[in-house]
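Undergrad: Just so it is clear, I am handing over run07.cif, which has mmCIF, C-alpha atoms.
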```cif
data_upload
loop_
_atom_site.label_atom_id
_atom_site.label_comp_id
_atom_site.auth_asym_id
_atom_site.auth_seq_id
_atom_site.Cartn_x
_atom_site.Cartn_y
_atom_site.Cartn_z
CA MET A 1 27.39 -27.27 -11.37
CA GLY A 2 25.93 -27.23 -7.85
CA MET A 3 24.01 -24.05 -8.53
CA GLY A 4 22.60 -25.49 -11.75
CA TRP A 5 21.39 -28.68 -10.08
CA GLY A 6 20.05 -26.61 -7.19
CA TRP A 7 17.96 -24.62 -9.63
CA VAL A 8 16.63 -27.84 -11.18
CA ALA A 9 15.76 -29.12 -7.71
CA GLY A 10 13.84 -25.93 -7.07
CA GLU A 11 12.02 -25.93 -10.41
CA PHE A 12 10.80 -29.54 -10.30
CA PRO A 13 8.62 -29.20 -7.17
CA VAL A 14 7.14 -25.96 -8.48
CA GLY A 15 5.96 -27.75 -11.59
CA LEU A 16 4.56 -30.66 -9.62
CA ARG A 17 2.88 -28.30 -7.16
CA LEU A 18 1.24 -26.30 -9.95
CA GLY A 19 0.02 -29.46 -11.62
CA TRP A 20 -1.66 -30.60 -8.41
CA GLY A 21 -3.02 -27.21 -7.45
CA TRP A 22 -4.49 -26.34 -10.82
CA ARG A 23 -7.90 -27.66 -9.82
CA GLN A 24 -8.08 -25.03 -7.09
CA ASP A 25 -6.87 -22.38 -9.55
CA ARG A 26 -9.57 -23.35 -12.02
CA GLY A 27 -12.13 -22.97 -9.25
CA LYS A 28 -10.71 -19.57 -8.38
CA GLU A 29 -10.78 -18.39 -12.00
CA GLY A 30 -14.38 -19.52 -12.25
CA LEU A 31 -15.31 -17.58 -9.15
CA LEU A 32 -13.58 -14.51 -10.54
CA GLN A 33 -15.09 -14.66 -13.98
CA GLY A 34 -18.23 -16.79 -14.10
CA PRO A 35 -18.98 -19.90 -16.16
CA PRO A 36 -16.97 -20.32 -19.35
CA SER A 37 -20.13 -20.05 -21.45
CA THR A 38 -20.98 -16.52 -20.28
CA GLN A 39 -19.42 -13.09 -20.58
CA VAL A 40 -16.66 -12.60 -18.05
CA TYR A 41 -18.49 -9.70 -16.45
CA SER A 42 -21.90 -11.31 -16.14
CA SER A 43 -22.94 -10.81 -12.53
CA LYS A 44 -26.17 -12.81 -12.70
CA THR A 45 -24.54 -16.10 -13.56
CA THR A 46 -21.25 -15.98 -11.71
CA PHE A 47 -20.41 -18.77 -9.30
CA THR A 48 -21.57 -18.19 -5.75
CA ASN A 49 -19.28 -20.73 -4.13
CA LEU A 50 -16.34 -22.99 -4.84
CA LEU A 51 -18.27 -26.26 -5.06
CA GLY A 52 -20.84 -24.70 -7.37
CA GLY A 53 -18.06 -23.43 -9.59
CA LEU A 54 -16.36 -26.81 -9.79
CA GLN A 55 -19.64 -28.55 -10.53
CA SER A 56 -20.49 -26.11 -13.31
CA MET A 57 -17.07 -26.52 -14.93
CA VAL A 58 -17.29 -30.32 -14.83
CA GLN A 59 -20.76 -30.20 -16.39
CA GLU A 60 -19.58 -27.87 -19.15
CA GLY A 61 -16.31 -29.57 -20.09
CA GLY A 62 -15.93 -32.78 -18.12
CA PHE A 63 -13.44 -33.64 -15.40
CA ARG A 64 -10.47 -32.77 -17.63
CA SER A 65 -11.68 -29.17 -17.82
CA LEU A 66 -10.36 -28.67 -14.27
CA TRP A 67 -6.84 -28.74 -15.77
CA ARG A 68 -7.45 -26.36 -18.64
CA GLY A 69 -4.51 -24.03 -19.13
CA ASN A 70 -2.22 -26.11 -16.92
CA GLY A 71 0.15 -26.88 -19.79
CA ILE A 72 1.24 -23.29 -20.35
CA ASN A 73 1.08 -22.68 -16.61
CA VAL A 74 3.82 -25.27 -16.11
CA LEU A 75 5.63 -24.23 -19.30
CA LYS A 76 6.17 -20.66 -18.09
CA ILE A 77 7.81 -21.76 -14.83
CA ALA A 78 11.33 -22.16 -16.25
CA PRO A 79 11.69 -18.71 -17.88
CA GLU A 80 9.81 -16.97 -15.07
CA TYR A 81 11.94 -18.31 -12.23
CA ALA A 82 15.19 -18.23 -14.21
CA ILE A 83 14.73 -14.52 -14.94
CA LYS A 84 13.52 -13.78 -11.42
CA PHE A 85 16.41 -15.46 -9.62
CA SER A 86 19.02 -14.14 -12.06
CA VAL A 87 17.88 -10.54 -11.71
CA PHE A 88 17.58 -10.86 -7.93
CA GLU A 89 21.13 -12.16 -7.60
CA GLN A 90 22.48 -9.43 -9.87
CA CYS A 91 20.67 -6.72 -7.92
CA LYS A 92 21.75 -8.17 -4.58
CA ASN A 93 25.38 -8.32 -5.68
CA TYR A 94 25.19 -4.76 -7.00
CA PHE A 95 23.78 -3.42 -3.73
CA CYS A 96 25.90 -5.33 -1.23
CA GLY A 97 28.63 -7.23 -3.04
CA ILE A 98 28.86 -10.98 -3.51
CA HIS A 99 29.42 -11.75 0.18
CA GLY A 100 27.25 -9.02 1.66
CA SER A 101 23.92 -9.51 3.34
CA PRO A 102 21.50 -6.84 2.05
CA PRO A 103 19.26 -5.03 4.55
CA PHE A 104 15.48 -5.20 4.36
CA GLN A 105 15.03 -2.15 2.08
CA GLU A 106 17.54 -3.35 -0.48
CA ARG A 107 16.21 -6.90 -0.43
CA LEU A 108 12.75 -5.45 -1.06
CA LEU A 109 14.02 -3.38 -3.98
CA ALA A 110 15.96 -6.29 -5.47
CA GLY A 111 12.99 -8.64 -5.11
CA SER A 112 10.57 -6.11 -6.62
CA LEU A 113 12.83 -5.47 -9.60
CA ALA A 114 13.28 -9.20 -10.18
CA VAL A 115 9.52 -9.85 -10.15
CA ALA A 116 8.77 -6.77 -12.28
CA ILE A 117 11.23 -7.77 -15.01
CA SER A 118 10.16 -11.42 -15.06
CA GLN A 119 6.47 -10.51 -15.17
CA THR A 120 7.08 -7.99 -17.97
CA LEU A 121 8.67 -10.67 -20.13
CA ILE A 122 6.14 -13.44 -19.44
CA ASN A 123 2.96 -11.32 -19.39
CA PRO A 124 1.88 -12.65 -22.83
CA MET A 125 2.05 -16.18 -21.41
CA GLU A 126 -0.11 -15.06 -18.46
CA VAL A 127 -2.75 -13.76 -20.87
CA LEU A 128 -2.69 -17.00 -22.84
CA LYS A 129 -2.94 -18.99 -19.61
CA THR A 130 -5.98 -17.00 -18.48
CA ARG A 131 -7.75 -17.35 -21.85
CA LEU A 132 -7.05 -21.09 -22.05
CA THR A 133 -8.20 -21.59 -18.46
CA LEU A 134 -11.53 -19.84 -19.04
CA ARG A 135 -12.21 -21.04 -22.57
CA ARG A 136 -15.38 -22.80 -23.60
CA THR A 137 -15.15 -26.37 -24.82
CA GLY A 138 -13.91 -26.29 -28.41
CA GLN A 139 -13.18 -22.54 -28.41
CA TYR A 140 -9.44 -23.02 -29.02
CA LYS A 141 -7.61 -25.93 -30.63
CA GLY A 142 -4.56 -25.32 -28.49
CA LEU A 143 -1.98 -22.79 -27.36
CA LEU A 144 -0.96 -21.63 -30.85
CA ASP A 145 -4.56 -21.32 -32.00
CA CYS A 146 -5.37 -19.24 -28.91
CA ALA A 147 -2.44 -16.90 -29.62
CA ARG A 148 -3.43 -16.63 -33.29
CA GLN A 149 -7.03 -15.70 -32.49
CA ILE A 150 -5.99 -13.09 -29.94
CA LEU A 151 -3.55 -11.47 -32.39
CA GLN A 152 -6.05 -11.50 -35.25
CA ARG A 153 -9.00 -10.09 -33.31
CA GLU A 154 -7.34 -7.88 -30.70
CA GLY A 155 -3.78 -7.17 -31.80
CA THR A 156 -0.49 -7.46 -29.94
CA ARG A 157 -1.57 -5.03 -27.20
CA ALA A 158 -4.00 -7.68 -25.92
CA LEU A 159 -1.01 -9.79 -24.84
CA TYR A 160 -0.19 -7.11 -22.27
CA ARG A 161 -3.66 -6.68 -20.83
CA GLY A 162 -3.56 -6.46 -17.06
CA TYR A 163 0.07 -5.33 -17.07
CA LEU A 164 -0.51 -2.21 -14.92
CA PRO A 165 -2.37 -3.92 -12.03
CA ASN A 166 0.16 -6.74 -12.26
CA MET A 167 3.04 -4.30 -11.74
CA LEU A 168 1.21 -2.37 -9.00
CA GLY A 169 0.44 -5.64 -7.21
CA ILE A 170 4.15 -6.31 -6.80
CA ILE A 171 4.46 -3.53 -4.21
CA PRO A 172 1.95 -4.77 -1.58
CA TYR A 173 2.88 -8.40 -2.24
CA ALA A 174 6.65 -7.92 -1.87
CA CYS A 175 6.33 -5.59 1.13
CA THR A 176 3.94 -7.87 3.00
CA ASP A 177 5.75 -11.08 2.08
CA LEU A 178 9.16 -9.84 3.19
CA ALA A 179 7.83 -8.03 6.27
CA VAL A 180 6.05 -11.14 7.56
CA TYR A 181 9.08 -13.33 6.78
CA GLU A 182 11.41 -10.93 8.61
CA MET A 183 9.05 -10.86 11.58
CA LEU A 184 9.04 -14.66 11.75
CA GLN A 185 12.83 -14.63 11.58
CA CYS A 186 12.93 -12.26 14.56
CA PHE A 187 10.65 -14.55 16.56
CA TRP A 188 12.89 -17.50 15.70
CA LEU A 189 16.05 -15.63 16.78
CA LYS A 190 14.43 -14.45 20.02
CA SER A 191 13.67 -18.06 20.86
CA GLY A 192 17.44 -18.67 20.99
CA ARG A 193 17.51 -20.93 17.93
CA ASP A 194 20.03 -20.87 15.10
CA MET A 195 18.47 -19.09 12.14
CA GLY A 196 21.16 -20.48 9.86
CA ASP A 197 19.71 -23.97 10.11
CA PRO A 198 15.98 -23.87 10.89
CA SER A 199 13.95 -27.06 10.81
CA GLY A 200 11.94 -28.04 7.77
CA LEU A 201 8.68 -27.31 9.55
CA VAL A 202 9.84 -23.82 10.48
CA SER A 203 10.95 -23.06 6.93
CA LEU A 204 7.71 -24.38 5.46
CA SER A 205 5.58 -22.48 7.99
CA SER A 206 7.46 -19.22 7.44
CA VAL A 207 7.25 -19.34 3.66
CA THR A 208 3.61 -20.45 3.69
CA LEU A 209 2.49 -17.73 6.09
CA SER A 210 4.43 -14.93 4.40
CA THR A 211 3.20 -15.99 0.95
CA THR A 212 -0.40 -16.15 2.17
CA CYS A 213 -0.22 -12.65 3.65
CA GLY A 214 1.38 -11.33 0.48
CA GLN A 215 -1.35 -12.83 -1.69
CA MET A 216 -4.08 -11.37 0.51
CA ALA A 217 -2.51 -7.91 0.36
CA SER A 218 -2.28 -7.89 -3.44
CA TYR A 219 -5.41 -9.92 -4.22
CA PRO A 220 -7.69 -7.05 -5.40
CA LEU A 221 -5.13 -6.10 -8.03
CA THR A 222 -4.78 -9.76 -9.01
CA LEU A 223 -8.54 -9.94 -9.55
CA VAL A 224 -8.53 -6.80 -11.71
CA ARG A 225 -5.61 -8.17 -13.73
CA THR A 226 -7.38 -11.48 -14.33
CA ARG A 227 -10.57 -9.79 -15.48
CA MET A 228 -8.66 -7.52 -17.85
CA GLN A 229 -6.77 -10.49 -19.31
CA ALA A 230 -9.93 -12.55 -19.72
CA GLN A 231 -12.00 -9.84 -21.40
CA ASP A 232 -11.85 -9.95 -25.17
CA THR A 233 -12.98 -7.24 -27.53
CA VAL A 234 -16.58 -8.37 -27.84
CA GLU A 235 -18.71 -5.40 -28.89
CA GLY A 236 -15.57 -3.27 -29.08
CA SER A 237 -14.80 -3.46 -25.35
CA ASN A 238 -11.33 -2.39 -24.24
CA PRO A 239 -11.17 -2.86 -20.46
CA THR A 240 -9.09 -0.49 -18.38
CA MET A 241 -7.94 -0.93 -14.81
CA ARG A 242 -10.16 1.90 -13.61
CA GLY A 243 -13.19 0.66 -15.52
CA VAL A 244 -12.86 -2.92 -14.25
CA LEU A 245 -12.40 -1.73 -10.66
CA GLN A 246 -15.45 0.53 -10.85
CA ARG A 247 -17.55 -2.26 -12.31
CA ILE A 248 -16.57 -4.68 -9.55
CA LEU A 249 -17.41 -2.14 -6.84
CA ALA A 250 -20.72 -1.19 -8.50
CA GLN A 251 -21.91 -4.78 -8.96
CA GLN A 252 -20.45 -6.55 -5.91
CA GLY A 253 -19.21 -3.94 -3.47
CA TRP A 254 -15.90 -4.01 -1.61
CA LEU A 255 -16.24 -7.71 -0.86
CA GLY A 256 -16.18 -8.35 -4.59
CA LEU A 257 -12.49 -7.41 -4.61
CA TYR A 258 -11.79 -10.65 -2.74
CA ARG A 259 -13.96 -12.93 -4.81
CA GLY A 260 -12.23 -16.27 -5.34
CA MET A 261 -9.98 -15.84 -2.31
CA THR A 262 -11.09 -19.12 -0.72
CA PRO A 263 -9.47 -21.51 -3.26
CA THR A 264 -6.37 -19.31 -3.25
CA LEU A 265 -5.95 -19.85 0.49
CA LEU A 266 -6.92 -23.52 0.34
CA LYS A 267 -4.09 -24.36 -2.04
CA VAL A 268 -1.30 -22.56 -0.14
CA LEU A 269 -0.55 -25.23 2.47
CA PRO A 270 -0.71 -28.36 0.26
CA ALA A 271 1.17 -26.57 -2.53
CA GLY A 272 3.88 -25.43 -0.12
CA GLY A 273 4.08 -28.88 1.42
CA ILE A 274 4.46 -30.58 -1.95
CA SER A 275 7.12 -28.07 -2.99
CA TYR A 276 9.14 -28.60 0.17
CA VAL A 277 8.97 -32.41 0.18
CA VAL A 278 9.87 -32.72 -3.52
CA TYR A 279 12.60 -30.09 -3.18
CA GLU A 280 14.29 -32.02 -0.40
CA ALA A 281 13.96 -35.27 -2.34
CA MET A 282 15.43 -33.70 -5.47
CA LYS A 283 18.35 -32.25 -3.50
CA LYS A 284 19.20 -35.71 -2.17
CA THR A 285 18.80 -37.27 -5.62
CA LEU A 286 21.01 -34.67 -7.32
CA GLY A 287 23.50 -34.50 -4.46
CA VAL A 288 23.25 -30.76 -3.78
#
```
Can the structure in the file be given as structure tokens, please?

TA:
Amino acid sequence: MGMGWGWVAGEFPVGLRLGWGWRQDRGKEGLLQGPPSTQVYSSKTTFTNLLGGLQSMVQEGGFRSLWRGNGINVLKIAPEYAIKFSVFEQCKNYFCGIHGSPPFQERLLAGSLAVAISQTLINPMEVLKTRLTLRRTGQYKGLLDCARQILQREGTRALYRGYLPNMLGIIPYACTDLAVYEMLQCFWLKSGRDMGDPSGLVSLSSVTLSTTCGQMASYPLTLVRTRMQAQDTVEGSNPTMRGVLQRILAQQGWLGLYRGMTPTLLKVLPAGGISYVVYEAMKKTLGV
């Protein structure tokens, strides 16, 4: 029972955090893709800055357009994290036993497998989220209509667009995230503190910094994935990872691989803070 309530306590702040941070995500998607009324690869009309992107989205679809796609974004939390944590625990127990503490390499492998399996199963929801986020006003009537149009025009393979860069992005993200977290743990231990019971500020700072570094390491692949998911089959286009990467480099150079990074970084601290505060409150409420 305690584990079940603990999972609920962990899920609730993630949902609240994503609801709050979706405005920044919408700004990031706009910077990656361009205004909703243009082709996703149009380089002449893409947003040049975050404020310009937000202003353009509000003009096109009103203030509510900043939360487009947030419904399915919150909806996919439960299966994504349930699969991720379940697989991680199974892998950890397999490697080191129930009471063992896995070393860095095995934790990395277990974490990577957990993310890979969860992302494989929810990739169709990621595609739907991206399409709903970037849609023009009136383009889709809702989630089911979006799925129906994708299946009719592009087939089932479209629901797994961006799968390869998504899987490849797990490697730099997991390695960087765990490496930074382990390094912060070492600093904490060297200070003579008890790592078994760090303060809330230390926990929040460690997770925030490691997550930020992981996102920066895998961001180019995240950008490629988003562009592949957003591109439909207009004029018979069928984007590949190599083709999207070459187009970004040809049009925007190496800096184009980090387009939209600013809103990603801006949301890390408030999102982490909201998650931590709500998590602690939920633990007290549920008695876990």

Undergrad: Pull out every residue that the PyMOL selection byres ((chain A and resi 245-248) around 12) matches in the shown coordinates and put them as number ranges by chain.

TA: A: 32-33, 40-43, 162, 165, 220-228, 239-244, 249-259

Undergrad: Counting all atoms listed in the file, what is within 7 Å of region 85-90 of chain A, bar same-chain residues fewer than 5 positions away, as number ranges by chain?

TA: A: 110-111, 114

Undergrad: With all atoms listed in the file as the counted atoms, please give the residues lying no more than 10 Å from region 121-133 of chain A, apart from itself and same-chain residues fewer than 4 positions off, as an MDAnalysis selection string.

TA: chainID A and resid 22 25:26 29:30 36 65:77 79:80 83 116:117 139:144 146:147 150 156:163 166 225:232

Undergrad: Applied to this file, what does the PyMOL selection byres ((chain A and resi 112) around 12) return in terms of residues, put as a compact mmCIF listing (two decimals) with C-alpha atoms, in the coordinates of the input?

TA:
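In the end it all went to selection-v9.txt:
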```txt
# COMPACT_ATOMS: atom_id res chain seq x y z
CA LYS A 84 13.52 -13.78 -11.42
CA PHE A 85 16.41 -15.46 -9.62
CA VAL A 87 17.88 -10.54 -11.71
CA PHE A 88 17.58 -10.86 -7.93
CA CYS A 91 20.67 -6.72 -7.92
CA LYS A 92 21.75 -8.17 -4.58
CA GLN A 105 15.03 -2.15 2.08
CA GLU A 106 17.54 -3.35 -0.48
CA ARG A 107 16.21 -6.90 -0.43
CA LEU A 108 12.75 -5.45 -1.06
CA LEU A 109 14.02 -3.38 -3.98
CA ALA A 110 15.96 -6.29 -5.47
CA GLY A 111 12.99 -8.64 -5.11
CA LEU A 113 12.83 -5.47 -9.60
CA ALA A 114 13.28 -9.20 -10.18
CA VAL A 115 9.52 -9.85 -10.15
CA ALA A 116 8.77 -6.77 -12.28
CA ILE A 117 11.23 -7.77 -15.01
CA SER A 118 10.16 -11.42 -15.06
CA GLN A 119 6.47 -10.51 -15.17
CA ASN A 166 0.16 -6.74 -12.26
CA MET A 167 3.04 -4.30 -11.74
CA LEU A 168 1.21 -2.37 -9.00
CA GLY A 169 0.44 -5.64 -7.21
CA ILE A 170 4.15 -6.31 -6.80
CA ILE A 171 4.46 -3.53 -4.21
CA PRO A 172 1.95 -4.77 -1.58
CA TYR A 173 2.88 -8.40 -2.24
CA ALA A 174 6.65 -7.92 -1.87
CA CYS A 175 6.33 -5.59 1.13
CA THR A 176 3.94 -7.87 3.00
CA ASP A 177 5.75 -11.08 2.08
CA LEU A 178 9.16 -9.84 3.19
```

Undergrad: So the first atom is CA of Gly214 (chain A) and the second is CA of Leu189 (chain A); what is the distance between them in Å, to one decimal place?

TA: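 Distance reported for this atom pair: 22.3 Å.
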
Undergrad: Ranking A:Ser56, A:Ser191, A:Ser218, A:Ser210 by minimum distance to Ala179 (chain A) and counting all atoms listed in the file, which one comes first?

TA: A:Ser210

Undergrad: State, in Å with one decimal place, the distance from CA of Leu209 (chain A) to CA of Lys283 (chain A).

TA: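 Atom-to-atom, CA of Leu209 (chain A) to CA of Lys283 (chain A), that is 23.5 Å.
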
Undergrad: So what do you get for CA of Thr137 (chain A) versus CA of Gly155 (chain A), distance-wise?

TA: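 The value is 23.4 Å.
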
Undergrad: Check the smallest atom-to-atom distance from each of A:Leu151, A:Leu164, A:Ala78, A:Leu134 to Met57 (chain A) using only C-alpha atoms, then report the winner.

TA: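 Of all the options, A:Leu134 lies closest to Met57 (chain A).
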
Undergrad: Rank A:Asn93, A:Ser275, A:Gln185, A:Gln152 by their smallest atom-to-atom distance to Ser206 (chain A), using all atoms listed in the file, and report the top residue only.

TA: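 Under the stated criterion, the closest residue is A:Gln185.
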
Undergrad: Could you tell me which residues the PyMOL selection byres ((chain A and resi 268) around 9) returns for this structure, as an mmCIF file with C-alpha atoms, in the frame of the given file?

TA:
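Written out: expr_29.cif:
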```
data_model
loop_
_atom_site.group_PDB
_atom_site.id
_atom_site.type_symbol
_atom_site.label_atom_id
_atom_site.label_comp_id
_atom_site.auth_asym_id
_atom_site.auth_seq_id
_atom_site.Cartn_x
_atom_site.Cartn_y
_atom_site.Cartn_z
ATOM 1 C CA GLY A 21 -3.020 -27.210 -7.450
ATOM 2 C CA THR A 208 3.610 -20.450 3.690
ATOM 3 C CA LEU A 209 2.490 -17.730 6.090
ATOM 4 C CA THR A 211 3.200 -15.990 0.950
ATOM 5 C CA THR A 212 -0.400 -16.150 2.170
ATOM 6 C CA PRO A 263 -9.470 -21.510 -3.260
ATOM 7 C CA THR A 264 -6.370 -19.310 -3.250
ATOM 8 C CA LEU A 265 -5.950 -19.850 0.490
ATOM 9 C CA LEU A 266 -6.920 -23.520 0.340
ATOM 10 C CA LYS A 267 -4.090 -24.360 -2.040
ATOM 11 C CA LEU A 269 -0.550 -25.230 2.470
ATOM 12 C CA PRO A 270 -0.710 -28.360 0.260
ATOM 13 C CA ALA A 271 1.170 -26.570 -2.530
ATOM 14 C CA GLY A 272 3.880 -25.430 -0.120
ATOM 15 C CA GLY A 273 4.080 -28.880 1.420
#
```

Undergrad: Restricting the calculation to all atoms listed in the file, which member of A:Arg136, A:Ala217, A:Tyr94, A:Thr120 is positioned closest to Glu60 (chain A)?

TA: A:Arg136

Undergrad: Identify which of the residues A:Phe104, A:Leu286, A:Gln149, A:Cys213 lies closest to Glu182 (chain A), counting all atoms listed in the file when measuring atom-to-atom distances.

TA: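 Nearest to Glu182 (chain A): A:Phe104.
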